[in-house]
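Asks: Just so it is clear, I am handing over coords-v2.txt, which has compact mmCIF, C-alpha atoms.
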# COMPACT_ATOMS: atom_id res chain seq x y z
CA MET W 1 0.00 0.00 0.00
CA PRO W 2 1.27 3.50 -0.79
CA GLY W 3 2.17 5.83 2.05
CA PRO W 4 0.56 9.22 2.83
CA GLU W 5 3.00 11.13 0.61
CA LEU W 6 2.13 9.08 -2.46
CA LYS W 7 -1.58 9.36 -1.71
CA LYS W 8 -1.27 13.16 -1.57
CA MET W 9 0.92 13.41 -4.69
CA ALA W 10 0.12 16.35 -6.96
CA LYS W 11 -2.03 15.40 -9.91
CA MET W 12 0.56 16.27 -12.57
CA GLU W 13 3.23 14.27 -10.75
CA LEU W 14 0.81 11.37 -10.54
CA TRP W 15 0.17 11.49 -14.27
CA ALA W 16 3.92 11.55 -14.87
CA LEU W 17 4.34 8.49 -12.64
CA ARG W 18 1.55 6.64 -14.43
CA SER W 19 3.12 7.49 -17.77
CA ARG W 20 6.58 6.26 -16.69
CA ALA W 21 5.19 3.05 -15.19
CA ALA W 22 4.57 1.63 -18.66
CA THR W 23 8.23 1.98 -19.67
CA GLU W 24 10.36 2.38 -16.51
CA GLU W 25 10.69 0.46 -13.28
CA ILE W 26 9.04 2.16 -10.30
CA SER W 27 8.87 1.28 -6.59
CA LYS W 28 6.45 -1.22 -5.12
CA GLN W 29 4.54 1.51 -3.27
CA GLU W 30 4.33 3.64 -6.43
CA LEU W 31 2.87 0.66 -8.26
CA GLY W 32 0.32 0.27 -5.47
CA ARG W 33 -0.65 3.94 -5.84
CA ILE W 34 -1.21 3.50 -9.58
CA LEU W 35 -3.29 0.33 -9.06
CA LEU W 36 -5.51 2.21 -6.60
CA TRP W 37 -5.93 4.94 -9.21
CA LEU W 38 -6.72 2.49 -12.01
CA ASN W 39 -9.38 0.99 -9.76
CA GLN W 40 -11.21 4.33 -9.67
CA LYS W 41 -11.90 4.51 -13.42
CA ARG W 42 -12.36 1.38 -15.51
CA GLY W 43 -13.54 2.82 -18.83
CA TYR W 44 -16.68 2.34 -20.89
CA LYS W 45 -18.02 -1.16 -21.48
CA SER W 46 -21.26 -1.70 -23.35
CA GLY W 47 -24.00 -3.89 -21.91
CA LYS W 48 -25.24 -7.11 -23.45
CA GLN W 49 -28.10 -5.37 -25.26
CA ASP W 50 -25.68 -2.87 -26.85
CA GLN W 51 -23.45 -5.67 -28.12
CA GLU W 52 -26.29 -7.62 -29.69
CA SER W 53 -28.13 -4.74 -31.32
CA ASN W 54 -27.61 -3.69 -34.91
CA LYS W 55 -28.59 -0.07 -34.40
CA LYS W 56 -26.48 2.72 -35.83
CA GLU W 57 -23.61 3.83 -33.61
CA THR W 58 -24.30 6.90 -31.57
CA GLU W 59 -22.03 9.94 -31.68
CA TYR W 60 -20.93 9.05 -28.13
CA LEU W 61 -19.73 5.54 -29.07
CA THR W 62 -18.05 6.83 -32.22
CA HIS W 63 -16.13 9.37 -30.10
CA ILE W 64 -14.95 6.60 -27.76
CA LYS W 65 -13.76 4.44 -30.66
CA ASN W 66 -11.92 7.36 -32.25
CA ASN W 67 -10.10 8.08 -28.97
CA TYR W 68 -9.03 4.46 -28.69
CA GLN W 69 -7.87 4.30 -32.31
CA LEU W 70 -5.76 7.43 -31.80
CA ILE W 71 -3.69 6.05 -28.90
CA LYS W 72 -3.32 2.69 -30.66
CA GLU W 73 -1.84 4.39 -33.72
CA GLN W 74 0.57 6.33 -31.47
CA ASN W 75 1.34 3.22 -29.36
CA LEU W 76 0.47 5.08 -26.15
CA THR W 77 -1.27 4.01 -22.99
CA ILE W 78 -4.14 6.11 -21.66
CA GLY W 79 -1.85 7.47 -18.94
CA GLN W 80 0.83 8.45 -21.45
CA HIS W 81 -1.76 10.09 -23.71
CA PHE W 82 -3.30 12.19 -20.95
CA TYR W 83 0.10 13.16 -19.55
CA LEU W 84 1.19 14.52 -22.94
CA GLN W 85 -2.10 16.40 -23.34
CA LEU W 86 -1.82 17.95 -19.86
CA LYS W 87 1.79 18.98 -20.47
CA ALA W 88 0.67 20.81 -23.60
CA ASP W 89 -2.44 22.31 -21.99
CA GLU W 90 -2.95 22.39 -18.23
CA TYR W 91 -6.68 23.03 -18.76
CA PHE W 92 -7.15 19.88 -20.84
CA ARG W 93 -10.40 18.12 -19.76
CA VAL W 94 -9.55 14.51 -18.97
CA LYS W 95 -13.10 13.60 -17.93
CA GLU W 96 -14.50 14.59 -21.32
CA ASN W 97 -12.28 12.06 -23.12
CA ILE W 98 -13.74 8.60 -22.66
CA PHE W 99 -11.98 5.34 -23.55
CA PRO W 100 -13.32 1.79 -23.73
CA ARG W 101 -12.65 -0.75 -21.00
CA GLU W 102 -10.23 -2.70 -23.21
CA ALA W 103 -7.95 0.33 -23.49
CA TYR W 104 -7.67 0.51 -19.68
CA ILE W 105 -6.99 -3.24 -19.47
CA GLU W 106 -4.24 -2.89 -22.10
CA GLU W 107 -2.63 -0.13 -20.01
CA PHE W 108 -2.90 -2.32 -16.91
CA GLU W 109 -1.16 -5.17 -18.76
CA ARG W 110 1.69 -2.96 -20.00
CA ILE W 111 2.30 -1.51 -16.57
CA CYS W 112 2.22 -4.92 -14.90
CA GLN W 113 4.50 -6.43 -17.52
CA ARG W 114 7.09 -3.70 -16.89
CA GLN W 115 6.70 -4.04 -13.11
CA SER W 116 6.61 -7.86 -13.12
CA GLY W 117 9.29 -7.94 -10.42
CA TRP W 118 6.78 -6.54 -7.93
CA LEU W 119 3.71 -8.34 -9.24
CA PRO W 120 3.68 -12.14 -9.76
CA GLU W 121 1.44 -13.45 -12.57
CA THR W 122 -1.11 -15.06 -10.24
CA LEU W 123 -1.50 -11.87 -8.19
CA LYS W 124 -1.72 -9.76 -11.34
CA ASN W 125 -4.52 -11.97 -12.69
CA GLU W 126 -6.34 -11.79 -9.36
CA ILE W 127 -6.19 -7.98 -9.30
CA ARG W 128 -7.24 -7.73 -12.96
CA ASP W 129 -10.02 -10.34 -13.10
CA ARG W 130 -11.39 -10.34 -9.55
CA ILE W 131 -10.86 -6.78 -8.29
CA ILE W 132 -10.40 -3.91 -10.75
CA TYR W 133 -12.11 -5.17 -13.91
CA TYR W 134 -14.55 -7.65 -12.44
CA GLN W 135 -18.12 -7.05 -13.55
CA ARG W 136 -20.92 -9.07 -12.05
CA PRO W 137 -23.47 -10.64 -14.40
CA LEU W 138 -26.70 -8.76 -14.95
CA LYS W 139 -29.37 -9.73 -12.43
CA SER W 140 -32.46 -11.43 -13.82
CA GLN W 141 -35.49 -9.14 -14.03
CA LYS W 142 -38.06 -11.92 -14.55
CA GLY W 143 -39.69 -11.07 -11.25
CA LEU W 144 -40.74 -7.69 -12.64
CA VAL W 145 -42.80 -9.22 -15.47
CA SER W 146 -46.51 -8.64 -14.77
CA VAL W 147 -49.12 -11.36 -14.35
CA CYS W 148 -51.71 -11.50 -17.15
CA GLU W 149 -54.75 -9.48 -16.09
CA PHE W 150 -57.11 -11.97 -17.81
CA GLU W 151 -55.59 -15.19 -16.45
CA GLY W 152 -54.37 -14.09 -13.01
CA ARG W 153 -56.04 -14.78 -9.69
CA TRP W 154 -55.65 -13.74 -6.04
CA ILE W 155 -54.46 -16.30 -3.48
CA GLU W 156 -53.62 -16.03 0.20
CA LYS W 157 -50.11 -17.03 1.23
CA GLU W 158 -48.56 -16.61 4.67
CA GLY W 159 -51.30 -14.22 5.73
CA ARG W 160 -51.16 -11.91 2.70
CA LYS W 161 -52.87 -11.82 -0.67
CA ILE W 162 -50.75 -12.42 -3.79
CA TYR W 163 -51.75 -12.08 -7.44
CA VAL W 164 -50.50 -15.16 -9.32
CA GLY W 165 -50.91 -16.69 -12.77
CA PRO W 166 -49.27 -16.81 -16.20
CA LYS W 167 -46.92 -13.95 -17.06
CA VAL W 168 -47.77 -11.51 -19.84
CA ALA W 169 -46.36 -12.35 -23.26
CA PRO W 170 -43.34 -10.36 -24.51
CA LYS W 171 -43.91 -7.88 -27.35
CA SER W 172 -41.89 -10.11 -29.67
CA SER W 173 -44.20 -13.09 -29.07
CA PRO W 174 -46.00 -14.17 -32.31
CA LEU W 175 -49.23 -14.47 -30.31
CA PHE W 176 -48.92 -10.92 -29.04
CA GLN W 177 -48.18 -9.64 -32.54
CA VAL W 178 -51.38 -11.25 -33.87
CA GLU W 179 -53.45 -9.93 -30.95
CA LYS W 180 -51.97 -6.45 -31.41
CA ILE W 181 -52.91 -6.41 -35.09
CA TRP W 182 -56.51 -7.52 -34.49
CA GLU W 183 -56.92 -4.99 -31.69
CA ALA W 184 -55.69 -2.21 -33.99
CA ILE W 185 -58.03 -3.34 -36.79
CA HIS W 186 -61.07 -3.40 -34.49
CA ASN W 187 -60.20 0.13 -33.31
CA ILE W 188 -60.14 1.60 -36.83
CA ARG W 189 -62.81 4.27 -37.25
CA ILE W 190 -63.77 5.43 -40.76
CA THR W 191 -66.29 8.20 -41.42
CA ASN W 192 -67.65 9.86 -44.55
CA ARG W 193 -67.98 13.59 -45.14
CA LYS W 194 -71.29 13.64 -43.28
CA GLY W 195 -69.63 12.17 -40.19
CA GLU W 196 -71.36 8.81 -40.61
CA ASN W 197 -69.42 5.73 -39.53
CA TYR W 198 -68.38 3.19 -42.13
CA LEU W 199 -68.38 -0.35 -40.69
CA LEU W 200 -65.70 -2.68 -41.98
CA SER W 201 -66.92 -6.13 -43.02
CA THR W 202 -65.32 -9.34 -41.77
CA GLN W 203 -63.76 -9.86 -45.21
CA GLN W 204 -62.24 -6.36 -45.22
CA LYS W 205 -60.82 -6.87 -41.73
CA GLN W 206 -59.29 -10.16 -42.84
CA LYS W 207 -57.63 -8.43 -45.81
CA LEU W 208 -56.20 -5.80 -43.48
CA PHE W 209 -54.89 -8.53 -41.17
CA ASP W 210 -53.29 -10.40 -44.07
CA TYR W 211 -51.48 -7.22 -45.11
CA LEU W 212 -50.34 -6.30 -41.58
CA ASN W 213 -49.19 -9.85 -40.91
CA GLU W 214 -46.67 -9.54 -43.75
CA HIS W 215 -45.63 -5.87 -43.51
CA PRO W 216 -44.13 -3.70 -40.75
CA LYS W 217 -46.67 -0.89 -41.19
CA LEU W 218 -50.03 -0.03 -42.75
CA THR W 219 -50.48 3.57 -43.92
CA ALA W 220 -53.81 5.32 -44.32
CA THR W 221 -53.31 5.28 -48.10
CA GLU W 222 -52.89 1.49 -48.08
CA LEU W 223 -55.84 1.14 -45.71
CA PHE W 224 -58.28 2.85 -48.11
CA LYS W 225 -56.80 0.95 -51.04
CA ILE W 226 -57.36 -2.42 -49.35
CA VAL W 227 -60.95 -1.73 -48.24
CA GLY W 228 -61.80 -0.11 -51.60
CA LEU W 229 -62.67 3.40 -50.44
CA SER W 230 -61.69 6.81 -51.74
CA LYS W 231 -59.53 8.90 -49.43
CA LYS W 232 -61.29 11.98 -50.81
CA GLU W 233 -64.67 10.74 -49.62
CA TYR W 234 -63.66 9.15 -46.31
CA SER W 235 -61.37 9.93 -43.39
CA THR W 236 -60.03 7.83 -40.56
CA SER W 237 -58.86 8.20 -36.97
CA LYS W 238 -55.40 9.42 -35.95
CA GLN W 239 -53.83 5.98 -35.48
CA PRO W 240 -54.18 4.81 -39.11
CA GLU W 241 -53.06 8.26 -40.28
CA ARG W 242 -49.81 7.78 -38.36
CA GLY W 243 -49.62 4.17 -39.49
CA ILE W 244 -50.66 0.87 -37.89
CA GLN W 245 -47.80 -1.36 -36.77
CA GLY W 246 -47.68 -4.80 -38.40
CA ASN W 247 -46.16 -8.14 -37.38
CA LEU W 248 -42.63 -6.93 -36.61
CA THR W 249 -41.49 -10.33 -35.34
CA LYS W 250 -42.48 -12.09 -38.56
CA VAL W 251 -40.96 -9.33 -40.71
CA GLU W 252 -37.60 -9.55 -38.91
CA ILE W 253 -37.53 -13.36 -39.15
CA LYS W 254 -38.24 -13.16 -42.88
CA LYS W 255 -35.32 -10.74 -43.33
CA CYS W 256 -32.99 -13.40 -41.92
CA TRP W 257 -34.69 -16.30 -43.70
CA VAL W 258 -35.05 -14.99 -47.27
CA PRO W 259 -31.28 -14.60 -47.97
CA MET W 260 -30.84 -18.25 -46.98
CA LEU W 261 -33.44 -19.61 -49.41
CA PRO W 262 -31.09 -20.01 -52.41
CA THR W 263 -28.65 -21.99 -50.25
CA ILE W 264 -31.46 -24.14 -48.82
CA ALA W 265 -32.83 -24.77 -52.31
CA PHE W 266 -29.35 -25.78 -53.53
CA TYR W 267 -28.81 -28.33 -50.74
CA SER W 268 -32.31 -29.74 -51.19
CA LEU W 269 -31.31 -30.70 -54.75
CA ILE W 270 -28.17 -32.55 -53.66
Could you rewrite the structure in this file as structure tokens?
Replies:
Amino acid sequence: MPGPELKKMAKMELWALRSRAATEEISKQELGRILLWLNQKRGYKSGKQDQESNKKETEYLTHIKNNYQLIKEQNLTIGQHFYLQLKADEYFRVKENIFPREAYIEEFERICQRQSGWLPETLKNEIRDRIIYYQRPLKSQKGLVSVCEFEGRWIEKEGRKIYVGPKVAPKSSPLFQVEKIWEAIHNIRITNRKGENYLLSTQQKQKLFDYLNEHPKLTATELFKIVGLSKKEYSTSKQPERGIQGNLTKVEIKKCWVPMLPTIAFYSLI
């Protein structure tokens, strides 16, 4: 553990020490001071949902990647990079320059490799994997899923009433997607210029369902086209004007499936 003097070291001196630690041998206590510092800031690490999504990168994530690429091209650790920036400009904002977790781990490895005389491999691995960069798994949130209001029931357990039953279906569930579509269709309101309601027939509703079950969205223009009405003579409620959401689960599955069809057809002929 570092002594009081090292703990109270001026910030610029501390940055200089951290920079030197990647290339020069330092004392055991100085290494301890740096490890305590590294433990305070571990860098950005995306969650599981971020890693699995295919959404466009945000400006924030792009900025982080650019920072990381810069120090990799210059073969610098984070400590060396910030020390050079602070030497050039004492008002440089360190907190506004974010780096990914892997960049911090790479700095940790370079420092420990240079200071291997003070830090045996097993201890280094323990500090890295179990202390500084350990991240516990995400806790399950299944308990927060609501009970279905139509299938649930109240029971008494240990002197208190509890609402139990099947859990509600996720939005991605094919059953929910179908239910959502039918609910939207039944809520469609069409009126003529006189304000009189136009009632959709069962056949028209089925046509609307068939369309929504294959497409991500139904516009008001498509709606009138399918039911055979003129948009000049009839108007509809706000929801169809904004667009009715279709079977998103089925649409996404088809996107993955369709590119595979030529390959599947080829192997079926073999």
Asks: Smallest atom-to-atom distance to Lys65 in chain W: which of W:Pro240, W:Gly165, W:Pro100, W:Gly43, using only C-alpha atoms?
Replies: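 Smallest separation from Lys65 in chain W among the options: W:Pro100.
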Asks: Using all atoms listed in the file, pick whichever of W:Lys142, W:Lys11, W:Arg110, W:Lys207 has the shortest atom-to-atom distance to Ile185 in chain W.
Replies: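 Of all the options, W:Lys207 lies closest to Ile185 in chain W.
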Asks: Just checking: using all atoms listed in the file, which residue out of W:Leu248, W:Ile190, W:Ile34, W:Ile253 ends up closest to Val227 in chain W?
Replies: W:Ile190
Asks: For the atom pair CA of Thr219 in chain W and CA of Trp257 in chain W, what is the interatomic distance in Å to one decimal place?
Replies: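 CA of Thr219 in chain W sits 25.4 Å away from CA of Trp257 in chain W.
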Asks: Mind checking which residues fall within 9 Å of range 77-89 of chain W, counting all atoms listed in the file, ignoring those fewer than 4 positions away in the same chain, and posting them as a PyMOL selection string?
Replies: chain W and resi 12+15-20+22+68+71-72+93-94+99+103-104+106-108+110
Asks: Produce a file of the selected residues containing C-alpha atoms, as an mmCIF file, in the frame of the given file.
Replies:
data_model
loop_
_atom_site.group_PDB
_atom_site.id
_atom_site.type_symbol
_atom_site.label_atom_id
_atom_site.label_comp_id
_atom_site.auth_asym_id
_atom_site.auth_seq_id
_atom_site.Cartn_x
_atom_site.Cartn_y
_atom_site.Cartn_z
ATOM 1 C CA MET W 12 0.560 16.270 -12.570
ATOM 2 C CA TRP W 15 0.170 11.490 -14.270
ATOM 3 C CA ALA W 16 3.920 11.550 -14.870
ATOM 4 C CA LEU W 17 4.340 8.490 -12.640
ATOM 5 C CA ARG W 18 1.550 6.640 -14.430
ATOM 6 C CA SER W 19 3.120 7.490 -17.770
ATOM 7 C CA ARG W 20 6.580 6.260 -16.690
ATOM 8 C CA ALA W 22 4.570 1.630 -18.660
ATOM 9 C CA TYR W 68 -9.030 4.460 -28.690
ATOM 10 C CA ILE W 71 -3.690 6.050 -28.900
ATOM 11 C CA LYS W 72 -3.320 2.690 -30.660
ATOM 12 C CA ARG W 93 -10.400 18.120 -19.760
ATOM 13 C CA VAL W 94 -9.550 14.510 -18.970
ATOM 14 C CA PHE W 99 -11.980 5.340 -23.550
ATOM 15 C CA ALA W 103 -7.950 0.330 -23.490
ATOM 16 C CA TYR W 104 -7.670 0.510 -19.680
ATOM 17 C CA GLU W 106 -4.240 -2.890 -22.100
ATOM 18 C CA GLU W 107 -2.630 -0.130 -20.010
ATOM 19 C CA PHE W 108 -2.900 -2.320 -16.910
ATOM 20 C CA ARG W 110 1.690 -2.960 -20.000
#
Asks: Nearest residue to Leu76 in chain W out of W:Ile132, W:Leu229, W:Ile111, W:Ile188, using all atoms listed in the file?
Replies: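 Looking only at the distances to Leu76 in chain W, the closest residue turns out to be W:Ile111.
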Asks: Write out as a count of residues only each polymer residue whose atoms come within 6 Å of range 166-174 of chain W, counting all atoms listed in the file; drop sequence neighbours fewer than 6 positions from it.
Replies: 4
Asks: Identify, on the basis of all atoms listed in the file, every residue whose closest approach to Gln113 in chain W does not exceed 12 Å; exclude the query and any residue fewer than 2 positions from it along the same chain; express the result as a ChimeraX atom specification.
Replies: /W:21-25,31,106-111,115-121,124-125
Asks: To one decimal in Å, tell me the separation between CA of Glu252 in chain W and CA of Thr62 in chain W.
Replies: 26.4 Å
Asks: Pick the closest to Val178 in chain W from W:Glu5, W:Asp210, W:Glu241, W:Glu30: which is it, counting all atoms listed in the file?
Replies: W:Asp210
Asks: So the first atom is CA of Asn247 in chain W and the second is CA of Asn213 in chain W; what is the distance between them in Å, to one decimal place?
Replies: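 Calculated distance between CA of Asn247 in chain W and CA of Asn213 in chain W is 5.0 Å.
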Asks: May I ask which of the residues W:Leu223, W:Thr58, W:Thr191, W:Lys41 is the closest one to Lys95 in chain W, counting only C-alpha atoms?
Replies: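 Answer, going by the shortest atom-to-atom distance: W:Lys41.
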